[in-house]
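Everything below belongs to run-v6.pdb, which stores PDB, C-alpha atoms.
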```
ATOM      1  CA  ALA S  10      -5.651  -6.608  -3.887  1.00  0.00           C
ATOM      2  CA  THR S  11      -8.775  -4.657  -4.824  1.00  0.00           C
ATOM      3  CA  LYS S  12      -8.101  -2.044  -2.125  1.00  0.00           C
ATOM      4  CA  VAL S  13      -4.544  -1.730  -3.409  1.00  0.00           C
ATOM      5  CA  VAL S  14      -5.785  -1.027  -6.940  1.00  0.00           C
ATOM      6  CA  ILE S  15      -8.243   1.596  -5.648  1.00  0.00           C
ATOM      7  CA  LEU S  16      -5.548   3.384  -3.634  1.00  0.00           C
ATOM      8  CA  ALA S  17      -3.017   3.152  -6.474  1.00  0.00           C
ATOM      9  CA  ARG S  18      -5.472   4.623  -8.961  1.00  0.00           C
ATOM     10  CA  ASN S  19      -6.146   7.483  -6.529  1.00  0.00           C
ATOM     11  CA  ILE S  20      -2.493   8.473  -6.878  1.00  0.00           C
ATOM     12  CA  ASP S  21      -2.752   8.322 -10.670  1.00  0.00           C
ATOM     13  CA  MET S  22      -1.168   4.910 -11.200  1.00  0.00           C
ATOM     14  CA  ALA S  23      -2.481   3.083 -14.259  1.00  0.00           C
ATOM     15  CA  ILE S  24      -2.830  -0.312 -12.605  1.00  0.00           C
ATOM     16  CA  ASN S  25      -5.169  -3.283 -12.838  1.00  0.00           C
ATOM     17  CA  ILE S  26      -5.815  -6.148 -10.445  1.00  0.00           C
ATOM     18  CA  GLU S  27      -3.612  -8.414 -12.600  1.00  0.00           C
ATOM     19  CA  ASP S  28      -0.672  -6.048 -12.041  1.00  0.00           C
ATOM     20  CA  VAL S  29      -0.660  -6.572  -8.267  1.00  0.00           C
ATOM     21  CA  GLU S  30       1.880  -9.118  -7.021  1.00  0.00           C
ATOM     22  CA  VAL S  31      -0.055 -11.170  -4.458  1.00  0.00           C
ATOM     23  CA  GLU S  32       1.324 -13.784  -2.092  1.00  0.00           C
ATOM     24  CA  SER S  33      -1.581 -16.149  -1.680  1.00  0.00           C
ATOM     25  CA  LEU S  34      -1.909 -17.869   1.658  1.00  0.00           C
ATOM     26  CA  LEU S  35      -3.063 -20.941  -0.256  1.00  0.00           C
ATOM     27  CA  PRO S  36      -0.516 -22.903  -2.291  1.00  0.00           C
ATOM     28  CA  ASP S  37      -1.140 -23.562  -5.986  1.00  0.00           C
ATOM     29  CA  GLU S  38      -1.856 -27.257  -5.311  1.00  0.00           C
ATOM     30  CA  ILE S  39      -4.948 -26.308  -3.307  1.00  0.00           C
ATOM     31  CA  MET S  40      -6.015 -23.490  -5.618  1.00  0.00           C
ATOM     32  CA  LYS S  41      -5.872 -25.712  -8.720  1.00  0.00           C
ATOM     33  CA  LYS S  42      -7.172 -28.923  -7.172  1.00  0.00           C
ATOM     34  CA  ASP S  43     -10.483 -30.358  -8.375  1.00  0.00           C
ATOM     35  CA  TYR S  44     -12.508 -31.153  -5.266  1.00  0.00           C
ATOM     36  CA  GLY S  45     -15.446 -32.704  -7.096  1.00  0.00           C
ATOM     37  CA  GLU S  46     -19.108 -31.833  -6.787  1.00  0.00           C
ATOM     38  CA  GLY S  47     -20.567 -32.867  -3.420  1.00  0.00           C
ATOM     39  CA  LYS S  48     -20.769 -30.057  -0.876  1.00  0.00           C
ATOM     40  CA  SER S  49     -19.986 -32.141   2.230  1.00  0.00           C
ATOM     41  CA  THR S  50     -17.193 -34.002   0.431  1.00  0.00           C
ATOM     42  CA  LEU S  51     -15.837 -30.699  -0.824  1.00  0.00           C
ATOM     43  CA  ASN S  52     -15.830 -29.160   2.653  1.00  0.00           C
ATOM     44  CA  ARG S  53     -14.069 -32.149   4.225  1.00  0.00           C
ATOM     45  CA  ALA S  54     -11.451 -32.314   1.469  1.00  0.00           C
ATOM     46  CA  ILE S  55     -10.675 -28.605   1.691  1.00  0.00           C
ATOM     47  CA  LEU S  56     -10.398 -28.754   5.483  1.00  0.00           C
ATOM     48  CA  GLU S  57      -8.006 -31.699   5.260  1.00  0.00           C
ATOM     49  CA  ASP S  58      -5.821 -29.852   2.768  1.00  0.00           C
ATOM     50  CA  LEU S  59      -5.877 -26.695   4.865  1.00  0.00           C
ATOM     51  CA  LYS S  60      -4.550 -28.669   7.841  1.00  0.00           C
ATOM     52  CA  LEU S  61      -1.402 -29.207   5.781  1.00  0.00           C
ATOM     53  CA  LEU S  62      -0.841 -25.443   5.834  1.00  0.00           C
ATOM     54  CA  ASP S  63      -0.879 -25.269   9.634  1.00  0.00           C
ATOM     55  CA  GLU S  64       2.738 -26.366   9.984  1.00  0.00           C
ATOM     56  CA  SER S  65       4.154 -23.913   7.440  1.00  0.00           C
ATOM     57  CA  ILE S  66       2.173 -20.976   8.835  1.00  0.00           C
ATOM     58  CA  MET S  67       3.065 -21.951  12.411  1.00  0.00           C
ATOM     59  CA  ASN S  68       6.744 -22.044  11.434  1.00  0.00           C
ATOM     60  CA  ARG S  69       6.435 -18.502  10.104  1.00  0.00           C
ATOM     61  CA  VAL S  70       4.640 -17.378  13.273  1.00  0.00           C
ATOM     62  CA  LYS S  71       7.344 -18.928  15.498  1.00  0.00           C
ATOM     63  CA  ALA S  72      10.166 -17.434  13.418  1.00  0.00           C
ATOM     64  CA  ALA S  73       8.538 -14.004  13.674  1.00  0.00           C
ATOM     65  CA  GLU S  74       7.999 -14.344  17.434  1.00  0.00           C
ATOM     66  CA  ALA S  75      11.632 -15.398  17.917  1.00  0.00           C
ATOM     67  CA  ASP S  76      12.639 -12.031  16.400  1.00  0.00           C
ATOM     68  CA  ASP S  77      10.014 -10.132  18.470  1.00  0.00           C
ATOM     69  CA  ARG S  78       7.879  -9.652  15.363  1.00  0.00           C
ATOM     70  CA  VAL S  79       4.324 -10.475  14.320  1.00  0.00           C
ATOM     71  CA  LEU S  80       2.885 -11.557  10.970  1.00  0.00           C
ATOM     72  CA  ARG S  81       0.695  -9.094   9.122  1.00  0.00           C
ATOM     73  CA  TYR S  82      -0.777  -9.170   5.637  1.00  0.00           C
ATOM     74  CA  LYS S  83       0.776  -6.039   4.187  1.00  0.00           C
ATOM     75  CA  PHE S  84       0.538  -4.201   0.907  1.00  0.00           C
ATOM     76  CA  VAL S  85       3.046  -1.803  -0.577  1.00  0.00           C
ATOM     77  CA  ILE S  86       2.319   0.648  -3.375  1.00  0.00           C
ATOM     78  CA  ASP S  87       5.501   2.051  -4.909  1.00  0.00           C
ATOM     79  CA  ARG S  88       4.501   4.882  -7.195  1.00  0.00           C
ATOM     80  CA  ASN S  89       8.055   5.523  -8.407  1.00  0.00           C
ATOM     81  CA  ALA S  90       8.553   1.897  -9.454  1.00  0.00           C
ATOM     82  CA  GLY S  91       4.932   1.530 -10.604  1.00  0.00           C
ATOM     83  CA  THR S  92       4.465  -1.637  -8.542  1.00  0.00           C
ATOM     84  CA  CYS S  93       1.983  -2.979  -6.019  1.00  0.00           C
ATOM     85  CA  LYS S  94       2.531  -5.975  -3.755  1.00  0.00           C
ATOM     86  CA  CYS S  95       0.462  -7.822  -1.130  1.00  0.00           C
ATOM     87  CA  SER S  96       2.195 -10.346   1.127  1.00  0.00           C
ATOM     88  CA  LEU S  97       2.348 -11.867   4.588  1.00  0.00           C
ATOM     89  CA  GLU S  98       5.289 -10.225   6.330  1.00  0.00           C
ATOM     90  CA  ALA S  99       6.925 -10.251   9.741  1.00  0.00           C
ATOM     91  CA  VAL S 100       6.833  -6.702  11.127  1.00  0.00           C
ATOM     92  CA  ASP S 101       8.743  -5.384  14.132  1.00  0.00           C
ATOM     93  CA  ARG S 102       7.585  -3.146  16.996  1.00  0.00           C
ATOM     94  CA  ILE S 103       8.554  -0.015  15.062  1.00  0.00           C
ATOM     95  CA  ASP S 104       6.149  -0.839  12.222  1.00  0.00           C
ATOM     96  CA  PRO S 105       2.690   0.729  12.704  1.00  0.00           C
ATOM     97  CA  LEU S 106       1.131  -2.623  11.741  1.00  0.00           C
ATOM     98  CA  PHE S 107       2.630  -4.309  14.827  1.00  0.00           C
ATOM     99  CA  ARG S 108      -0.218  -3.248  17.166  1.00  0.00           C
ATOM    100  CA  LEU S 109      -2.987  -3.450  14.590  1.00  0.00           C
ATOM    101  CA  ARG S 110      -6.074  -5.313  15.808  1.00  0.00           C
ATOM    102  CA  PRO S 111      -7.946  -7.839  13.630  1.00  0.00           C
ATOM    103  CA  ASN S 112     -10.898  -5.450  13.162  1.00  0.00           C
ATOM    104  CA  GLU S 113      -8.758  -2.514  11.999  1.00  0.00           C
ATOM    105  CA  ASN S 114      -7.213  -1.218   8.787  1.00  0.00           C
ATOM    106  CA  LEU S 115      -4.151   0.980   8.563  1.00  0.00           C
ATOM    107  CA  VAL S 116      -2.581   2.936   5.728  1.00  0.00           C
ATOM    108  CA  ALA S 117       0.854   4.530   6.153  1.00  0.00           C
ATOM    109  CA  PHE S 118       1.828   7.208   3.634  1.00  0.00           C
ATOM    110  CA  GLU S 119       5.558   7.627   3.046  1.00  0.00           C
ATOM    111  CA  THR S 120       5.964  10.716   0.890  1.00  0.00           C
ATOM    112  CA  ASP S 121       8.633  13.338   0.236  1.00  0.00           C
ATOM    113  CA  ARG S 122       7.440  15.117   3.376  1.00  0.00           C
ATOM    114  CA  TYR S 123       6.714  12.018   5.460  1.00  0.00           C
ATOM    115  CA  THR S 124       9.796   9.847   5.080  1.00  0.00           C
ATOM    116  CA  SER S 125      11.138   9.044   8.535  1.00  0.00           C
ATOM    117  CA  SER S 126       7.712   9.180  10.166  1.00  0.00           C
ATOM    118  CA  PRO S 127       4.888   8.227   7.773  1.00  0.00           C
ATOM    119  CA  LEU S 128       1.428   9.762   7.904  1.00  0.00           C
ATOM    120  CA  ILE S 129      -0.856   7.112   9.450  1.00  0.00           C
ATOM    121  CA  VAL S 130      -4.569   6.657   8.779  1.00  0.00           C
ATOM    122  CA  LYS S 131      -6.088   3.965  10.991  1.00  0.00           C
ATOM    123  CA  GLY S 132      -9.676   2.911  11.590  1.00  0.00           C
ATOM    124  CA  ALA S 133     -12.231   0.165  11.738  1.00  0.00           C
ATOM    125  CA  ALA S 134     -12.131  -2.456   9.020  1.00  0.00           C
ATOM    126  CA  ALA S 135     -15.040  -2.215   6.622  1.00  0.00           C
ATOM    127  CA  GLY S 136     -18.027  -4.113   7.875  1.00  0.00           C
ATOM    128  CA  PRO S 137     -21.499  -3.800   6.344  1.00  0.00           C
ATOM    129  CA  ASP S 138     -22.104  -0.325   7.832  1.00  0.00           C
ATOM    130  CA  LEU S 139     -18.822   1.155   6.632  1.00  0.00           C
ATOM    131  CA  ALA S 140     -19.143  -0.439   3.202  1.00  0.00           C
ATOM    132  CA  ALA S 141     -22.659   0.991   2.835  1.00  0.00           C
ATOM    133  CA  ALA S 142     -21.492   4.432   3.963  1.00  0.00           C
ATOM    134  CA  GLY S 143     -18.649   4.349   1.434  1.00  0.00           C
ATOM    135  CA  MET S 144     -20.979   3.345  -1.391  1.00  0.00           C
ATOM    136  CA  PHE S 145     -23.447   6.066  -0.387  1.00  0.00           C
ATOM    137  CA  ALA S 146     -20.644   8.663  -0.405  1.00  0.00           C
ATOM    138  CA  ASP S 147     -19.628   7.490  -3.891  1.00  0.00           C
ATOM    139  CA  LEU S 148     -23.235   7.803  -5.087  1.00  0.00           C
ATOM    140  CA  LEU S 149     -23.464  11.347  -3.710  1.00  0.00           C
ATOM    141  CA  ARG S 150     -20.215  12.270  -5.451  1.00  0.00           C
ATOM    142  CA  LEU S 151     -21.518  10.836  -8.748  1.00  0.00           C
ATOM    143  CA  THR S 152     -24.801  12.701  -8.317  1.00  0.00           C
ATOM    144  CA  ARG S 153     -22.955  15.999  -7.849  1.00  0.00           C
ATOM    145  CA  THR S 154     -20.754  15.262 -10.852  1.00  0.00           C
ATOM    146  CA  PHE S 155     -23.602  14.385 -13.206  1.00  0.00           C
ATOM    147  CA  SER S 156     -25.981  17.077 -11.952  1.00  0.00           C
ATOM    148  CA  SER S 157     -23.457  19.749 -12.936  1.00  0.00           C
ATOM    149  CA  LEU S 158     -23.196  18.511 -16.536  1.00  0.00           C
ATOM    150  CA  GLN S 159     -24.888  20.561 -19.225  1.00  0.00           C
ATOM    151  CA  TYR S 160     -26.851  18.581 -21.815  1.00  0.00           C
TER     152      TYR S 160
END
```
Output the file's structure in the form of structure tokens.
Amino acid sequence: ATKVVILARNIDMAINIEDVEVESLLPDEIMKKDYGEGKSTLNRAILEDLKLLDESIMNRVKAAEADDRVLRYKFVIDRNAGTCKCSLEAVDRIDPLFRLRPNENLVAFETDRYTSSPLIVKGAAAGPDLAAAGMFADLLRLTRTFSSLQY
């Protein structure tokens, strides 16, 4: 959801993390459950609860496969409606996300000029090197901004 907020703000949307509609992969029962204090007990309890999710996720995977689709965690920023949403969706072969690899990110821009065929930006998912490069670029941009100020 953080990436969604960053992208939305870059297109002048006044949005906060709380404004993003997020479909959590974990049900509320797990998110709100008190697992106690002990680390090993905590790990075992969480793993047992996560096993309960296997069936529901597998049902979604099978339903998607039956329709020649795959599941992808997808976000949609709708500037006109002022909304942002992140959810697990079944996408078909026409969707650019269909062939996305686990180590990749993809952003599709549907604009007034790119309606039937969106502009696609695809690349490696941010690992430590890409995150560091992005932060360094931000620091350089800030340096240029503040060095041009007159005191």
*Give me the result of the PyMOL selection byres ((chain S and resi 11-28) around 12) on this file, residue by residue, as a ChimeraX atom specification.*
/S:10,29-31,83-96,114-118,120,134-135
_Of the listed residues S:Ile129, S:Ala141, S:Ala72, S:Leu80, that which approaches S:Pro111 most closely, counting only C-alpha atoms_ = S:Leu80
*asked:* For a quick check of understanding, using all atoms listed in the file, which of S:Gly143, S:Asn68, S:Leu62, S:Glu57 has the smallest distance to S:Pro36?
replied: S:Leu62
Residues in the PyMOL selection byres ((chain S and resi 79) around 6), expressed as a compact mmCIF listing (two decimals) with C-alpha atoms, in the coordinates of the input:
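After the write, selection_17.txt holds the following:
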```
# COMPACT_ATOMS: atom_id res chain seq x y z
CA ALA S 73 8.54 -14.00 13.67
CA ARG S 78 7.88 -9.65 15.36
CA LEU S 80 2.88 -11.56 10.97
CA ALA S 99 6.92 -10.25 9.74
CA VAL S 100 6.83 -6.70 11.13
```
*What is the distance, in Å and to one decimal place, between atom CA of S:Leu97 and atom CA of S:Leu56?*
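Separation between atom CA of S:Leu97 and atom CA of S:Leu56: 21.2 Å.
Of note, atom CA of S:Leu34 and atom CA of S:Lys71 are spaced 16.7 Å apart.
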*Rounded to one decimal place, report the atom CA of S:Ile39-atom CA of S:Lys60 distance in Å.*
11.4 Å
Report, as lines of an AutoDock Vina configuration file, the centre and edge lengths in Å (one decimal) of the axis-aligned box enclosing every listed atom of stretch 106-111 of chain S, padded by 3 Å on each side.
```
center_x = -2.7
center_y = -5.2
center_z = 14.5
size_x = 16.6
size_y = 11.2
size_z = 11.4
```
